[in-house]
$ cat query37.csv   # CSV, C-alpha atoms and all ligand atoms
chain,number,residue,atom,x,y,z
A,22,MET,CA,11.4,20.1,-22.6
A,23,ASP,CA,8.6,19.2,-25.0
A,24,LEU,CA,6.3,17.4,-22.5
A,25,ARG,CA,3.4,17.4,-24.8
A,26,GLY,CA,5.5,15.6,-27.5
A,27,ILE,CA,6.8,13.1,-24.9
A,28,VAL,CA,3.3,12.3,-23.6
A,29,ASP,CA,1.9,11.9,-27.1
A,30,GLU,CA,4.8,9.7,-28.2
A,31,ALA,CA,4.5,7.5,-25.1
A,32,HIS,CA,0.8,7.1,-25.8
A,33,ASP,CA,1.3,6.3,-29.4
A,34,ALA,CA,4.0,3.8,-28.8
A,35,ALA,CA,1.9,1.9,-26.2
A,36,VAL,CA,-1.1,1.7,-28.5
A,37,ARG,CA,0.4,-1.5,-30.0
A,38,LEU,CA,0.2,-3.1,-26.5
A,39,VAL,CA,-3.4,-2.3,-25.9
A,40,GLY,CA,-5.4,-5.5,-25.8
A,41,THR,CA,-2.4,-7.4,-24.4
A,42,GLY,CA,-3.1,-9.1,-21.1
A,43,ARG,CA,-6.5,-9.6,-19.5
A,44,GLN,CA,-8.8,-7.5,-17.5
A,45,ALA,CA,-8.9,-8.4,-13.8
A,46,GLN,CA,-11.1,-11.5,-13.3
A,47,SER,CA,-11.4,-11.4,-9.6
A,48,ILE,CA,-14.2,-8.7,-9.7
A,49,PRO,CA,-16.8,-9.7,-12.3
A,50,LEU,CA,-17.6,-6.2,-13.5
A,51,LEU,CA,-14.0,-5.4,-14.1
A,52,GLY,CA,-13.9,-8.3,-16.5
A,53,GLU,CA,-16.4,-6.5,-18.7
A,54,VAL,CA,-14.4,-3.2,-19.1
A,55,PRO,CA,-13.4,-2.9,-22.8
A,56,LEU,CA,-9.8,-3.9,-23.4
A,57,ASP,CA,-9.2,-1.3,-26.0
A,58,ARG,CA,-8.8,1.8,-23.8
A,59,LEU,CA,-5.6,3.7,-23.2
A,60,GLY,CA,-5.4,7.0,-21.4
A,61,VAL,CA,-2.4,9.0,-20.2
A,62,ALA,CA,-2.2,12.2,-18.1
A,63,LEU,CA,0.8,14.1,-16.8
A,64,ALA,CA,0.4,16.7,-14.1
A,65,THR,CA,3.5,18.8,-13.4
A,66,VAL,CA,4.4,20.7,-10.2
A,67,ASP,CA,4.3,23.9,-12.3
A,68,GLY,CA,0.5,23.3,-12.8
A,69,GLU,CA,0.6,22.0,-16.4
A,70,VAL,CA,-1.7,19.1,-17.2
A,71,ILE,CA,-1.1,17.1,-20.4
A,72,GLY,CA,-3.4,14.3,-21.4
A,73,ALA,CA,-3.7,11.9,-24.3
A,74,GLY,CA,-6.1,9.2,-25.5
A,75,ASP,CA,-8.9,8.2,-23.0
A,76,CYS,CA,-7.4,10.4,-20.3
A,77,ARG,CA,-10.8,11.8,-19.3
A,78,GLU,CA,-12.7,8.5,-19.0
A,79,PRO,CA,-13.3,7.4,-15.4
A,80,PHE,CA,-12.0,3.9,-14.6
A,81,SER,CA,-12.0,1.9,-11.4
A,82,VAL,CA,-9.0,3.1,-9.4
A,83,GLN,CA,-8.8,0.0,-7.2
A,84,SER,CA,-5.4,-0.2,-5.5
A,85,LEU,CA,-4.4,3.3,-6.6
A,86,SER,CA,-6.7,4.5,-3.8
A,87,LYS,CA,-4.3,2.8,-1.3
A,88,VAL,CA,-1.7,5.5,-1.7
A,89,PHE,CA,-4.3,8.2,-0.8
A,90,SER,CA,-5.6,6.3,2.2
A,91,LEU,CA,-2.1,5.6,3.4
A,92,ALA,CA,-1.2,9.3,3.0
A,93,LEU,CA,-4.2,10.3,5.1
A,94,VAL,CA,-3.4,7.8,7.9
A,95,LEU,CA,0.2,8.9,8.0
A,96,ALA,CA,-0.9,12.5,8.2
A,97,HIS,CA,-3.2,11.6,11.1
A,98,GLU,CA,-1.1,9.2,13.2
A,99,GLY,CA,2.4,9.3,11.8
A,100,GLU,CA,4.9,6.5,12.3
A,101,SER,CA,2.9,4.5,14.8
A,102,LEU,CA,1.2,2.9,11.8
A,103,TRP,CA,4.3,0.9,11.2
A,104,LYS,CA,3.7,-1.1,14.3
A,105,ARG,CA,0.6,-2.6,12.6
A,106,VAL,CA,1.9,-3.1,9.1
A,107,ARG,CA,5.5,-3.6,7.9
A,108,ARG,CA,7.3,-1.9,5.0
A,109,GLN,CA,8.7,-5.0,3.3
A,110,PRO,CA,8.2,-5.9,-0.3
A,111,SER,CA,6.5,-9.2,-0.9
A,112,SER,CA,7.2,-11.7,-3.6
A,113,LEU,CA,3.7,-13.2,-3.2
A,114,ARG,CA,0.5,-12.1,-4.9
A,115,TYR,CA,-1.3,-9.1,-3.4
A,116,ASP,CA,-4.1,-11.2,-2.1
A,117,ALA,CA,-1.9,-14.0,-0.6
A,118,LEU,CA,-2.8,-15.3,2.8
A,119,VAL,CA,0.0,-17.7,3.7
A,120,GLN,CA,2.6,-15.1,4.7
A,121,LEU,CA,0.0,-13.2,6.8
A,122,ASP,CA,-0.5,-16.1,9.2
A,123,VAL,CA,3.2,-16.9,9.4
A,124,ASP,CA,3.7,-13.2,10.4
A,125,HIS,CA,1.1,-13.4,13.1
A,126,GLY,CA,-1.4,-11.2,11.2
A,127,VAL,CA,1.0,-8.3,10.6
A,128,PRO,CA,0.9,-7.6,6.8
A,129,ARG,CA,4.1,-7.2,4.8
A,130,ASN,CA,3.3,-3.8,3.5
A,131,PRO,CA,0.4,-1.3,3.2
A,132,PHE,CA,-0.3,-2.2,-0.5
A,133,VAL,CA,-1.0,-5.9,-0.4
A,134,ASN,CA,-4.6,-6.3,0.4
A,135,ALA,CA,-4.2,-7.3,4.0
A,136,GLY,CA,-2.0,-4.2,4.6
A,137,ALA,CA,-4.5,-1.9,2.9
A,138,LEU,CA,-7.2,-3.3,5.1
A,139,VAL,CA,-5.1,-2.3,8.2
A,140,VAL,CA,-4.8,1.2,6.7
A,141,VAL,CA,-8.5,1.4,6.2
A,142,ASP,CA,-9.0,0.2,9.8
A,143,ARG,CA,-6.9,3.1,11.0
A,144,LEU,CA,-8.6,5.6,8.6
A,145,MET,CA,-12.0,4.5,10.0
A,146,ALA,CA,-10.7,5.2,13.5
A,147,ALA,CA,-9.6,8.7,12.3
A,148,HIS,CA,-12.8,9.5,10.4
A,149,ALA,CA,-15.7,8.1,12.5
A,150,THR,CA,-15.7,5.1,10.1
A,151,GLU,CA,-16.2,7.3,7.0
A,152,SER,CA,-12.8,6.3,5.5
A,153,ALA,CA,-13.9,6.0,1.9
A,154,ALA,CA,-15.5,9.4,2.0
A,155,ALA,CA,-12.2,10.8,3.3
A,156,VAL,CA,-10.3,9.3,0.3
A,157,LEU,CA,-13.0,10.5,-2.1
A,158,GLU,CA,-12.8,14.0,-0.6
A,159,LEU,CA,-9.0,14.1,-1.0
A,160,LEU,CA,-9.3,13.0,-4.7
A,161,ARG,CA,-12.0,15.5,-5.4
A,162,THR,CA,-10.3,18.5,-3.8
A,163,GLU,CA,-6.9,17.8,-5.3
A,164,SER,CA,-8.2,17.1,-8.8
A,165,GLY,CA,-10.7,19.9,-8.7
A,166,ASN,CA,-13.3,17.5,-10.0
A,167,PRO,CA,-16.3,17.2,-7.6
A,168,ALA,CA,-17.9,14.6,-10.0
A,169,ILE,CA,-15.5,11.8,-8.9
A,170,ARG,CA,-17.6,9.2,-7.2
A,171,ILE,CA,-17.9,5.7,-5.9
A,172,ASP,CA,-19.1,3.3,-8.6
A,173,GLU,CA,-21.8,1.5,-6.6
A,174,ARG,CA,-22.3,-1.3,-9.2
A,175,LEU,CA,-18.7,-2.0,-9.2
A,176,ALA,CA,-18.6,-2.0,-5.4
A,177,ALA,CA,-21.6,-4.5,-5.4
A,178,SER,CA,-19.7,-6.7,-7.8
A,179,GLU,CA,-16.6,-6.8,-5.6
A,180,ARG,CA,-18.8,-7.4,-2.5
A,181,GLY,CA,-20.1,-10.6,-4.1
A,182,ALA,CA,-16.5,-11.8,-4.7
A,183,SER,CA,-14.5,-10.7,-1.7
A,184,HIS,CA,-13.9,-14.1,0.0
A,185,ARG,CA,-10.1,-13.7,0.0
A,186,ASN,CA,-10.2,-10.3,1.5
A,187,ALA,CA,-12.7,-11.5,4.0
A,188,ALA,CA,-10.3,-14.3,4.8
A,189,ALA,CA,-7.4,-11.9,5.3
A,190,ALA,CA,-9.5,-9.7,7.5
A,191,LEU,CA,-10.7,-12.6,9.6
A,192,LEU,CA,-7.2,-13.9,9.9
A,193,MET,CA,-6.0,-10.5,11.2
A,194,ALA,CA,-8.9,-10.3,13.6
A,195,SER,CA,-8.0,-13.8,14.9
A,196,HIS,CA,-4.6,-12.3,15.8
A,197,GLY,CA,-6.2,-9.4,17.5
A,198,ARG,CA,-5.0,-6.9,14.9
A,199,LEU,CA,-8.1,-5.0,13.9
A,200,GLU,CA,-10.2,-2.4,15.7
A,201,HIS,CA,-13.4,-2.6,13.6
A,202,GLU,CA,-15.8,-5.3,12.7
A,203,VAL,CA,-14.7,-7.3,9.7
A,204,ALA,CA,-17.9,-6.8,7.7
A,205,GLU,CA,-17.8,-3.0,8.0
A,206,LEU,CA,-14.1,-2.9,7.3
A,207,LEU,CA,-14.6,-4.8,4.1
A,208,ASP,CA,-17.4,-2.5,3.1
A,209,ARG,CA,-15.2,0.6,3.5
A,210,TYR,CA,-12.3,-1.0,1.7
A,211,ILE,CA,-14.5,-2.1,-1.2
A,212,ASP,CA,-16.0,1.4,-1.5
A,213,GLN,CA,-12.6,3.0,-1.6
A,214,CYS,CA,-11.4,0.6,-4.3
A,215,ALA,CA,-14.5,1.3,-6.3
A,216,ILE,CA,-13.9,5.0,-6.7
A,217,ALA,CA,-14.0,5.9,-10.4
A,218,ALA,CA,-11.7,8.6,-11.6
A,219,SER,CA,-9.8,9.5,-14.8
A,220,CYS,CA,-6.1,9.7,-15.5
A,221,VAL,CA,-6.3,13.5,-15.4
A,222,ASP,CA,-8.0,13.2,-12.0
A,223,VAL,CA,-5.5,10.8,-10.5
A,224,ALA,CA,-2.4,12.6,-11.9
A,225,GLN,CA,-3.6,15.8,-10.3
A,226,ALA,CA,-4.7,14.3,-7.1
A,227,GLY,CA,-1.3,12.6,-6.7
A,228,LEU,CA,0.7,15.7,-7.2
A,229,PHE,CA,1.3,16.3,-3.5
A,230,LEU,CA,3.6,13.2,-3.7
A,231,ALA,CA,5.8,15.0,-6.2
A,232,ARG,CA,5.5,18.3,-4.4
A,233,GLY,CA,7.0,17.3,-1.0
A,234,GLY,CA,3.6,16.7,0.6
A,235,LEU,CA,2.0,20.1,-0.2
A,236,LEU,CA,-1.6,20.0,-1.2
A,237,GLY,CA,-3.0,22.2,-4.0
A,238,SER,CA,-4.1,24.8,-1.4
A,239,GLY,CA,-0.6,25.0,-0.1
A,240,ARG,CA,-1.5,23.2,3.1
A,241,VAL,CA,1.0,20.6,4.3
A,242,LEU,CA,-0.5,17.1,4.2
A,243,LEU,CA,2.8,15.4,4.9
A,244,SER,CA,6.2,16.8,5.7
A,245,GLU,CA,9.0,16.4,3.1
A,246,ARG,CA,10.5,13.6,5.2
A,247,GLU,CA,7.2,11.8,5.5
A,248,VAL,CA,6.5,12.0,1.8
A,249,ARG,CA,10.0,10.7,1.0
A,250,ARG,CA,9.3,7.7,3.1
A,251,LEU,CA,5.8,7.2,1.6
A,252,ASN,CA,7.3,7.3,-1.9
A,253,ALA,CA,9.9,4.8,-0.8
A,254,VAL,CA,7.2,2.4,0.2
A,255,VAL,CA,5.4,3.0,-3.1
A,256,LEU,CA,8.6,2.3,-5.0
A,257,THR,CA,9.4,-0.9,-3.2
A,258,CYS,CA,5.9,-2.3,-2.7
A,259,GLY,CA,3.5,-0.5,-5.0
A,260,THR,CA,3.5,-2.9,-7.9
A,261,TYR,CA,3.6,-6.1,-5.7
A,262,GLU,CA,6.0,-8.9,-6.9
A,263,ALA,CA,6.9,-6.8,-9.9
A,264,ALA,CA,8.3,-3.9,-7.9
A,265,GLY,CA,12.0,-4.8,-8.5
A,266,ASP,CA,11.5,-4.9,-12.3
A,267,VAL,CA,9.4,-1.7,-12.2
A,268,ALA,CA,12.1,0.1,-10.2
A,269,CYS,CA,14.6,-0.8,-13.0
A,270,GLN,CA,12.2,0.0,-15.8
A,271,VAL,CA,10.7,3.3,-14.5
A,272,GLY,CA,13.1,4.3,-11.8
A,273,ALA,CA,10.4,6.0,-9.7
A,274,PRO,CA,7.7,5.1,-7.2
A,275,VAL,CA,4.8,3.4,-9.1
A,276,LYS,CA,1.4,2.3,-7.8
A,277,SER,CA,-0.9,0.0,-9.8
A,278,GLY,CA,-4.5,-1.1,-9.5
A,279,ILE,CA,-6.3,-4.0,-11.1
A,280,GLY,CA,-8.6,-1.6,-12.8
A,281,GLY,CA,-5.6,-1.1,-15.1
A,282,GLY,CA,-4.5,2.3,-13.7
A,283,VAL,CA,-0.8,3.0,-12.9
A,284,MET,CA,0.6,6.1,-11.4
A,285,ALA,CA,4.2,7.2,-11.2
A,286,VAL,CA,5.6,9.9,-9.0
A,287,PHE,CA,8.5,11.9,-10.2
A,288,PRO,CA,9.5,14.0,-7.1
A,289,GLY,CA,10.0,17.7,-8.0
A,290,HIS,CA,8.6,17.2,-11.5
A,291,GLY,CA,5.1,15.7,-11.6
A,292,THR,CA,2.8,12.8,-11.4
A,293,LEU,CA,1.9,10.6,-14.4
A,294,CYS,CA,-1.2,8.3,-14.6
A,295,ALA,CA,-1.8,5.8,-17.4
A,296,TRP,CA,-4.8,3.5,-17.8
A,297,SER,CA,-5.4,0.4,-19.9
A,298,PRO,CA,-7.4,-2.5,-18.6
A,299,GLY,CA,-5.2,-5.4,-19.9
A,300,LEU,CA,-3.1,-6.7,-17.0
A,301,ASP,CA,0.0,-8.9,-16.7
A,302,GLU,CA,0.4,-11.8,-14.2
A,303,ALA,CA,1.2,-9.5,-11.3
A,304,GLY,CA,-2.0,-7.4,-11.9
A,305,ASN,CA,-0.2,-4.4,-13.5
A,306,SER,CA,-1.4,-2.8,-16.7
A,307,VAL,CA,0.7,-3.9,-19.7
A,308,ALA,CA,0.3,-0.8,-21.8
A,309,GLY,CA,0.1,1.5,-18.8
A,310,MET,CA,3.5,0.3,-17.6
A,311,ALA,CA,5.0,0.9,-21.1
A,312,VAL,CA,3.8,4.5,-21.0
A,313,LEU,CA,5.4,5.1,-17.6
A,314,GLU,CA,8.7,3.6,-18.8
A,315,GLU,CA,8.7,5.6,-22.0
A,316,VAL,CA,8.0,8.9,-20.2
A,317,ALA,CA,10.6,8.2,-17.5
A,318,ASP,CA,13.2,7.5,-20.2
A,319,ALA,CA,12.4,10.5,-22.4
A,320,THR,CA,12.3,13.0,-19.5
A,321,GLY,CA,15.2,11.6,-17.5
A,322,TRP,CA,13.1,11.9,-14.4
A,323,SER,CA,14.2,8.6,-12.8
A,324,VAL,CA,15.0,9.2,-9.1
A,325,PHE,CA,18.2,7.3,-9.6
A,401,LIG,N1,-10.2,-4.3,-4.7
A,401,LIG,C1,-9.1,-5.1,-5.2
A,401,LIG,C2,-8.9,-6.4,-4.4
A,401,LIG,O1,-9.0,-6.3,-3.2
A,401,LIG,C3,-7.8,-4.3,-5.3
A,401,LIG,C4,-6.6,-5.1,-5.8
A,401,LIG,C5,-5.7,-4.3,-6.6
A,401,LIG,O2,-6.0,-3.3,-7.3
A,401,LIG,N2,-4.5,-4.8,-6.7
A,401,LIG,O3,-8.7,-7.4,-4.9

$ encode --input "query37.csv" --output "structure tokens"
Amino acid sequence: MDLRGIVDEAHDAAVRLVGTGRQAQSIPLLGEVPLDRLGVALATVDGEVIGAGDCREPFSVQSLSKVFSLALVLAHEGESLWKRVRRQPSSLRYDALVQLDVDHGVPRNPFVNAGALVVVDRLMAAHATESAAAVLELLRTESGNPAIRIDERLAASERGASHRNAAAALLMASHGRLEHEVAELLDRYIDQCAIAASCVDVAQAGLFLARGGLLGSGRVLLSEREVRRLNAVVLTCGTYEAAGDVACQVGAPVKSGIGGGVMAVFPGHGTLCAWSPGLDEAGNSVAGMAVLEEVADATGWSVF
């Protein structure tokens, strides 16, 4: 299969969508990222890396980081996590609060913000509170890029605008669901979201999801069964209220972040990351999603 041709074509076809949608407005600095960017990178389980466009420009990974923190927590404590957070898709926005109170402070899934906060709470317990450092380390090691870092300015920008996440954390604390102090938990969550990495970095770092849980070193991060389940949660919950449509369009687990990054996992084949800052209503990159759909179509890598 001519993967280089497929990646180039998907990139070129999505160029017409660049500029569609809006940058995330909830974090002031994200609103200033130029809309005209489009990057694509495919990392295959055979070790090939194929990039196009702005594939080496670091962007704010935001909620893409949540797959990595979840993988680390599952590796550490296994299934007991699912007592604290459910595995149900949500039709509400990722930062919705209503459902959380109705559900007695147990989030719908680990990718809505409340659920991701619970995952960070567990990761802090596992890593003497240095949860963001653990995620950063995983990304650096798996991508082979030690220059991946936390964008401190971006983190400061989110810190000044994190009322909804603070509200979610306080609500969970009121139900007795958190182990750590809300202020520290929010800090670690924001640091993790503010990691800046490129499409090439993210595609390579996410390869263990396509490789049955094996890290680049050959070490097992997650068993095949665990990674299958993790991918199921990514498929059903990774793109929030759009997950049903995305499952039809791409036919594979997809995670998005409001920095405009999207990552698709094609088990047994590879991991694809696209980035373009213009988002649709659900907070998913418009051009990025088009790239994933195009590559899934052309390769026939749908899990269905
Ligand atoms: N840091 C962002 C927030 O909490 C992440 C949201 C996202 O990428 N969907 O709002």

$ closest_residue --input "query37.csv" --among "A:Val223, A:Leu63, A:Ala295, A:Ala135" --to "ligand LIG 401 (chain A)" --atoms "all atoms listed in the file"
A:Ala135

$ residues_around --input "query37.csv" --residues "Gly233 of chain A" --least-positions-apart "2" --cutoff "7 Å" --atoms "all atoms listed in the file" --output "list in words"
Phe229, Leu230, Ala231, Leu235, Ser244, Glu245 and Val248 of chain A

$ write_last_selection --input "query37.csv" --atoms "C-alpha atoms" --output "PDB file, in the frame of the given file"
ATOM      1  CA  PHE A 229       1.300  16.300  -3.500  1.00  0.00           C
ATOM      2  CA  LEU A 230       3.600  13.200  -3.700  1.00  0.00           C
ATOM      3  CA  ALA A 231       5.800  15.000  -6.200  1.00  0.00           C
ATOM      4  CA  LEU A 235       2.000  20.100  -0.200  1.00  0.00           C
ATOM      5  CA  SER A 244       6.200  16.800   5.700  1.00  0.00           C
ATOM      6  CA  GLU A 245       9.000  16.400   3.100  1.00  0.00           C
ATOM      7  CA  VAL A 248       6.500  12.000   1.800  1.00  0.00           C
TER       8      VAL A 248
END

$ residues_near_ligand --input "query37.csv" --ligand "ligand LIG 401 (chain A)" --cutoff "7 Å" --atoms "only C-alpha atoms and all ligand atoms" --output "list in words"
Ser47, Gln83, Ser84, Leu85, Tyr115, Asp116, Asn134, Glu179, Asn186, Ile211, Cys214, Ser277, Gly278, Ile279, Gly280 and Gly304 of chain A

$ residues_around --input "query37.csv" --residues "Ala264 of chain A" --least-positions-apart "5" --cutoff "10 Å" --atoms "only C-alpha atoms" --output "ChimeraX atom specification"
/A:110-112,255-259,269-270,274-276,303

$ residues_around --input "query37.csv" --residues "Arg129 of chain A" --least-positions-apart "3" --cutoff "7 Å" --atoms "all atoms listed in the file" --output "number ranges by chain"
A: 106-111, 136

$ closest_residue --input "query37.csv" --among "A:Val221, A:Ile71, A:Leu313, A:Leu102" --to "Asn166 of chain A" --atoms "all atoms listed in the file"
A:Val221

$ atom_distance --input "query37.csv" --atom1 "atom CA of Pro128 of chain A" --atom2 "atom CA of Arg114 of chain A"
12.5 Å

$ residues_around --input "query37.csv" --residues "Arg246 of chain A" --least-positions-apart "3" --cutoff "9 Å" --atoms "all atoms listed in the file" --output "PyMOL selection string"
chain A and resi 233-234+243+249-251

$ closest_residue --input "query37.csv" --among "A:His125, A:Arg232, A:His97, A:Arg77" --to "Ala189 of chain A" --atoms "all atoms listed in the file"
A:His125

$ atom_distance --input "query37.csv" --atom1 "atom CA of Pro131 of chain A" --atom2 "atom CA of Val88 of chain A"
8.6 Å

$ residues_around --input "query37.csv" --residues "Ala35 of chain A" --least-positions-apart "3" --cutoff "6 Å" --atoms "only C-alpha atoms" --output "VMD selection string"
chain A and resid 32 38 308

$ atom_distance --input "query37.csv" --atom1 "atom CA of Leu50 of chain A" --atom2 "atom CA of Ser178 of chain A"
6.1 Å

$ build_atoms --input "query37.csv" --residues "segment 189-202 of chain A" --atoms "N, CA and C atoms" --output "tab-separated table (two decimals), in the frame of the given file"
chain	number	residue	atom	x	y	z
A	189	ALA	N	-8.56	-12.66	4.73
A	189	ALA	CA	-7.40	-11.90	5.30
A	189	ALA	C	-7.84	-11.12	6.50
A	190	ALA	N	-9.00	-10.47	6.41
A	190	ALA	CA	-9.50	-9.70	7.50
A	190	ALA	C	-9.75	-10.56	8.76
A	191	LEU	N	-10.38	-11.69	8.52
A	191	LEU	CA	-10.70	-12.60	9.60
A	191	LEU	C	-9.40	-13.14	10.27
A	192	LEU	N	-8.43	-13.44	9.43
A	192	LEU	CA	-7.20	-13.90	9.90
A	192	LEU	C	-6.50	-12.86	10.83
A	193	MET	N	-6.54	-11.62	10.37
A	193	MET	CA	-6.00	-10.50	11.20
A	193	MET	C	-6.75	-10.34	12.46
A	194	ALA	N	-8.08	-10.45	12.35
A	194	ALA	CA	-8.90	-10.30	13.60
A	194	ALA	C	-8.57	-11.43	14.55
A	195	SER	N	-8.29	-12.63	14.02
A	195	SER	CA	-8.00	-13.80	14.90
A	195	SER	C	-6.68	-13.50	15.67
A	196	HIS	N	-5.82	-12.70	15.09
A	196	HIS	CA	-4.60	-12.30	15.80
A	196	HIS	C	-4.74	-11.05	16.59
A	197	GLY	N	-5.96	-10.55	16.66
A	197	GLY	CA	-6.20	-9.40	17.50
A	197	GLY	C	-5.69	-8.08	16.87
A	198	ARG	N	-5.61	-8.02	15.54
A	198	ARG	CA	-5.00	-6.90	14.90
A	198	ARG	C	-5.91	-5.77	14.44
A	199	LEU	N	-7.22	-6.01	14.49
A	199	LEU	CA	-8.10	-5.00	13.90
A	199	LEU	C	-9.02	-4.39	15.00
A	200	GLU	N	-9.36	-3.14	14.75
A	200	GLU	CA	-10.20	-2.40	15.70
A	200	GLU	C	-11.69	-2.54	15.32
A	201	HIS	N	-11.99	-2.59	14.02
A	201	HIS	CA	-13.40	-2.60	13.60
A	201	HIS	C	-13.87	-3.97	13.18
A	202	GLU	N	-15.19	-4.08	13.10
A	202	GLU	CA	-15.80	-5.30	12.70
A	202	GLU	C	-15.39	-5.63	11.24
